[in-house]
Number of protein chains: 2
Amino acid sequence: MKNLKLKAARAGKDMSQQQLADAVGVSRQTINAIEKGDYNPTIRLCIAICRALDRTLDELFWEE
Amino acid sequence: MKNLKLKAARAGKDMSQQQLADAVGVSRQTINAIEKGDYNPTIRLCIAICRALDRTLDELFWEE
DNA sequence: ACAAAATGTCAAGTATATTTTACTAATTAT
DNA sequence: ATAATTAGTAAAATATACTTGACATTTTGT
């Protein structure tokens, strides 16, 4: 399932996928795949993404 | 770094590592390793653990 | 319309999360 | 004191997260 909250938070910081990827130390394709939602990142990467975007895990990765 | 919040939440539900492992569909060693803190689970596993323990990601896996 | 940047996607390779089996140490109950 | 359950740890194998490189499509700016 697509992660639109992540996509929106990134847009809110005016960052490209490449910029976010550089900020957290992964490839652009990894960010793209996470937003596309067809896989399952590690928690450390999720936390790094949250810190780069000033959000928490619950805000970006929790689903009711 | 050890995940004591997870250990405490599990104790609060009176579950063994084995019971939690069964509840979320991984091996007991995986739960043990996460509590021990020397590795990096996937977010889906973290979410499954949170649901089994009635906690959120921020409560069990976020660190300031 | 055109160029440049950003995004979507794929295949092959590498790094690492997770499993299985097994053994030991510590707790808990009888 | 002893048996049974729980917890800690390790090595080898398997599954999968992530990388690299490449190309196509879409969006944005001029």
# chains A, B, ... in the order shown; residues from 1 in each chain; ligands from 1

call {"tool": "residues_around", "arguments": {"residues": "segment 17-30 of chain B", "least_positions_apart": "4", "cutoff": "12 Å", "atoms": "only C-alpha atoms (C1' of nucleotides)", "output": "ChimeraX atom specification"}}
result
/B:6-11,13,34-42,44-53 /C:17-21 /D:5-10

call {"tool": "calpha_fit_and_write", "arguments": {"fixed": "chain B", "moving": "chain A", "output": "CSV table (one decimal) with N, CA and C atoms, in the first residue's frame"}}
result
chain,number,residue,atom,x,y,z
A,1,MET,N,21.5,-1.0,21.2
A,1,MET,CA,21.0,-0.6,22.5
A,1,MET,C,19.8,-1.5,22.9
A,2,LYS,N,19.7,-1.9,24.1
A,2,LYS,CA,18.6,-2.8,24.5
A,2,LYS,C,17.2,-2.1,24.4
A,3,ASN,N,16.2,-2.8,24.0
A,3,ASN,CA,14.9,-2.3,24.0
A,3,ASN,C,14.1,-2.7,25.2
A,4,LEU,N,14.3,-1.9,26.3
A,4,LEU,CA,13.6,-2.2,27.5
A,4,LEU,C,12.1,-1.9,27.5
A,5,LYS,N,11.7,-0.9,26.7
A,5,LYS,CA,10.3,-0.6,26.6
A,5,LYS,C,9.5,-1.8,26.1
A,6,LEU,N,10.1,-2.5,25.1
A,6,LEU,CA,9.5,-3.7,24.5
A,6,LEU,C,9.4,-4.8,25.6
A,7,LYS,N,10.5,-5.0,26.3
A,7,LYS,CA,10.6,-6.0,27.3
A,7,LYS,C,9.5,-5.8,28.4
A,8,ALA,N,9.4,-4.5,28.8
A,8,ALA,CA,8.5,-4.1,29.8
A,8,ALA,C,7.0,-4.3,29.3
A,9,ALA,N,6.8,-3.9,28.1
A,9,ALA,CA,5.4,-4.1,27.5
A,9,ALA,C,5.0,-5.5,27.5
A,10,ARG,N,6.0,-6.4,27.1
A,10,ARG,CA,5.7,-7.8,27.0
A,10,ARG,C,5.4,-8.4,28.4
A,11,ALA,N,6.2,-8.0,29.3
A,11,ALA,CA,6.0,-8.4,30.7
A,11,ALA,C,4.6,-7.9,31.2
A,12,GLY,N,4.2,-6.7,30.8
A,12,GLY,CA,2.9,-6.2,31.2
A,12,GLY,C,1.8,-7.0,30.7
A,13,LYS,N,2.0,-7.7,29.6
A,13,LYS,CA,1.0,-8.6,29.0
A,13,LYS,C,1.2,-10.0,29.5
A,14,ASP,N,2.2,-10.2,30.3
A,14,ASP,CA,2.5,-11.6,30.9
A,14,ASP,C,2.7,-12.6,29.7
A,15,MET,N,3.5,-12.2,28.7
A,15,MET,CA,3.8,-13.1,27.6
A,15,MET,C,5.3,-13.4,27.7
A,16,SER,N,5.6,-14.7,27.3
A,16,SER,CA,7.0,-15.1,27.1
A,16,SER,C,7.4,-14.6,25.8
A,17,GLN,N,8.7,-14.6,25.6
A,17,GLN,CA,9.3,-14.3,24.2
A,17,GLN,C,8.7,-15.3,23.2
A,18,GLN,N,8.5,-16.6,23.6
A,18,GLN,CA,8.0,-17.5,22.7
A,18,GLN,C,6.5,-17.2,22.3
A,19,GLN,N,5.7,-16.8,23.3
A,19,GLN,CA,4.3,-16.4,23.0
A,19,GLN,C,4.2,-15.2,22.1
A,20,LEU,N,5.1,-14.2,22.3
A,20,LEU,CA,5.0,-13.0,21.5
A,20,LEU,C,5.5,-13.4,20.1
A,21,ALA,N,6.5,-14.3,20.0
A,21,ALA,CA,7.0,-14.7,18.7
A,21,ALA,C,5.9,-15.4,17.9
A,22,ASP,N,5.2,-16.3,18.6
A,22,ASP,CA,4.1,-17.0,17.9
A,22,ASP,C,3.0,-16.0,17.5
A,23,ALA,N,2.7,-15.0,18.3
A,23,ALA,CA,1.7,-14.1,18.0
A,23,ALA,C,2.0,-13.3,16.8
A,24,VAL,N,3.3,-13.0,16.5
A,24,VAL,CA,3.6,-12.1,15.4
A,24,VAL,C,4.2,-12.9,14.3
A,25,GLY,N,4.4,-14.2,14.5
A,25,GLY,CA,4.9,-15.1,13.4
A,25,GLY,C,6.4,-15.0,13.1
A,26,VAL,N,7.2,-14.9,14.1
A,26,VAL,CA,8.6,-15.0,13.9
A,26,VAL,C,9.2,-16.0,15.0
A,27,SER,N,10.5,-16.2,14.9
A,27,SER,CA,11.1,-17.1,15.8
A,27,SER,C,11.4,-16.4,17.2
A,28,ARG,N,11.5,-17.3,18.2
A,28,ARG,CA,11.8,-16.7,19.5
A,28,ARG,C,13.1,-16.0,19.5
A,29,GLN,N,14.1,-16.5,18.8
A,29,GLN,CA,15.4,-15.8,18.7
A,29,GLN,C,15.3,-14.4,18.1
A,30,THR,N,14.4,-14.2,17.2
A,30,THR,CA,14.2,-12.9,16.7
A,30,THR,C,13.7,-11.9,17.7
A,31,ILE,N,12.7,-12.3,18.5
A,31,ILE,CA,12.2,-11.4,19.6
A,31,ILE,C,13.4,-11.2,20.6
A,32,ASN,N,14.1,-12.2,20.9
A,32,ASN,CA,15.2,-12.1,21.9
A,32,ASN,C,16.2,-11.1,21.3
A,33,ALA,N,16.6,-11.2,20.0
A,33,ALA,CA,17.6,-10.3,19.5
A,33,ALA,C,17.1,-8.8,19.5
A,34,ILE,N,15.8,-8.6,19.2
A,34,ILE,CA,15.2,-7.3,19.2
A,34,ILE,C,15.3,-6.7,20.6
A,35,GLU,N,14.9,-7.5,21.6
A,35,GLU,CA,15.0,-7.0,23.0
A,35,GLU,C,16.5,-6.7,23.4
A,36,LYS,N,17.3,-7.6,23.0
A,36,LYS,CA,18.8,-7.4,23.2
A,36,LYS,C,19.3,-6.2,22.5
A,37,GLY,N,18.7,-5.8,21.4
A,37,GLY,CA,18.9,-4.6,20.8
A,37,GLY,C,20.0,-4.6,19.8
A,38,ASP,N,20.5,-5.8,19.4
A,38,ASP,CA,21.6,-5.8,18.5
A,38,ASP,C,21.2,-6.0,17.1
A,39,TYR,N,19.9,-5.8,16.8
A,39,TYR,CA,19.6,-5.5,15.4
A,39,TYR,C,18.3,-4.8,15.2
A,40,ASN,N,18.0,-4.8,13.9
A,40,ASN,CA,17.3,-3.8,13.2
A,40,ASN,C,16.1,-4.4,12.5
A,41,PRO,N,15.0,-4.6,13.2
A,41,PRO,CA,13.8,-5.3,12.6
A,41,PRO,C,13.2,-4.5,11.5
A,42,THR,N,12.4,-5.2,10.7
A,42,THR,CA,11.6,-4.4,9.7
A,42,THR,C,10.4,-3.7,10.3
A,43,ILE,N,9.9,-2.7,9.6
A,43,ILE,CA,8.8,-1.9,10.2
A,43,ILE,C,7.5,-2.8,10.3
A,44,ARG,N,7.3,-3.7,9.4
A,44,ARG,CA,6.1,-4.6,9.5
A,44,ARG,C,6.2,-5.4,10.7
A,45,LEU,N,7.3,-5.9,11.1
A,45,LEU,CA,7.5,-6.7,12.3
A,45,LEU,C,7.2,-5.8,13.5
A,46,CYS,N,7.8,-4.6,13.5
A,46,CYS,CA,7.6,-3.7,14.6
A,46,CYS,C,6.1,-3.4,14.8
A,47,ILE,N,5.4,-3.2,13.7
A,47,ILE,CA,4.0,-2.9,13.8
A,47,ILE,C,3.2,-4.1,14.3
A,48,ALA,N,3.6,-5.3,13.9
A,48,ALA,CA,2.9,-6.5,14.4
A,48,ALA,C,3.1,-6.6,15.9
A,49,ILE,N,4.4,-6.4,16.3
A,49,ILE,CA,4.7,-6.4,17.8
A,49,ILE,C,3.8,-5.4,18.5
A,50,CYS,N,3.7,-4.2,18.0
A,50,CYS,CA,2.9,-3.2,18.6
A,50,CYS,C,1.5,-3.6,18.8
A,51,ARG,N,0.9,-4.2,17.7
A,51,ARG,CA,-0.5,-4.6,17.8
A,51,ARG,C,-0.7,-5.7,18.8
A,52,ALA,N,0.3,-6.6,18.9
A,52,ALA,CA,0.2,-7.7,19.8
A,52,ALA,C,0.3,-7.2,21.3
A,53,LEU,N,0.9,-6.1,21.5
A,53,LEU,CA,1.1,-5.6,22.8
A,53,LEU,C,0.3,-4.4,23.1
A,54,ASP,N,-0.6,-4.0,22.2
A,54,ASP,CA,-1.4,-2.8,22.4
A,54,ASP,C,-0.6,-1.5,22.7
A,55,ARG,N,0.4,-1.4,21.9
A,55,ARG,CA,1.2,-0.2,22.0
A,55,ARG,C,1.4,0.4,20.6
A,56,THR,N,1.9,1.6,20.5
A,56,THR,CA,2.2,2.2,19.1
A,56,THR,C,3.7,2.2,18.9
A,57,LEU,N,4.1,2.5,17.6
A,57,LEU,CA,5.5,2.6,17.3
A,57,LEU,C,6.2,3.6,18.1
A,58,ASP,N,5.7,4.7,18.3
A,58,ASP,CA,6.4,5.7,19.1
A,58,ASP,C,6.6,5.2,20.5
A,59,GLU,N,5.6,4.5,21.1
A,59,GLU,CA,5.8,4.0,22.5
A,59,GLU,C,6.9,2.9,22.6
A,60,LEU,N,7.0,2.1,21.6
A,60,LEU,CA,8.0,1.0,21.7
A,60,LEU,C,9.3,1.2,21.0
A,61,PHE,N,9.3,2.0,19.9
A,61,PHE,CA,10.5,2.0,19.1
A,61,PHE,C,11.1,3.4,18.8
A,62,TRP,N,10.5,4.4,19.4
A,62,TRP,CA,11.0,5.8,19.2
A,62,TRP,C,12.0,6.1,20.3
A,63,GLU,N,13.1,6.8,20.0
A,63,GLU,CA,14.0,7.2,21.0
A,63,GLU,C,14.3,8.7,20.8
A,64,GLU,N,14.3,9.4,21.8
A,64,GLU,CA,14.6,10.9,21.7
A,64,GLU,C,16.1,11.0,21.7

call {"tool": "select_by_dssp", "arguments": {"residues": "chain A", "states": "alpha helix (DSSP H)", "output": "PyMOL selection string"}}
result
chain A and resi 4-12+17-24+28-36+43-53+57-61

call {"tool": "atom_distance", "arguments": {"atom1": "atom C1' of DA22 of chain D", "atom2": "atom C1' of DA15 of chain C"}}
result
21.8 Å

call {"tool": "closest_atom_pairs", "arguments": {"of": "chain C", "to": "chain A", "cutoff": "9 Å", "atoms": "only C-alpha atoms (C1' of nucleotides)", "output": "Markdown table"}}
result
| residue | atom | partner | partner_atom | distance |
| --- | --- | --- | --- | --- |
| C:DA6 | C1' | A:Ser16 | CA | 7.2 |
| C:DT7 | C1' | A:Asn32 | CA | 8.0 |
| C:DG8 | C1' | A:Asn32 | CA | 8.0 |
| C:DA17 | C1' | A:Thr42 | CA | 8.9 |

call {"tool": "interface_residues", "arguments": {"of": "chain D", "to": "chain A", "cutoff": "10 Å", "atoms": "only C-alpha atoms (C1' of nucleotides)", "output": "compact mmCIF listing (two decimals) with C-alpha atoms (C1' of nucleotides), in the first residue's frame"}}
result
# COMPACT_ATOMS: atom_id res chain seq x y z
C1' DT D 16 14.66 -10.33 1.62
C1' DA D 17 16.18 -5.24 2.16
C1' DC D 18 18.98 -2.35 -0.35
C1' DT D 19 22.41 -1.02 -4.16
C1' DT D 20 23.93 -0.13 -8.75
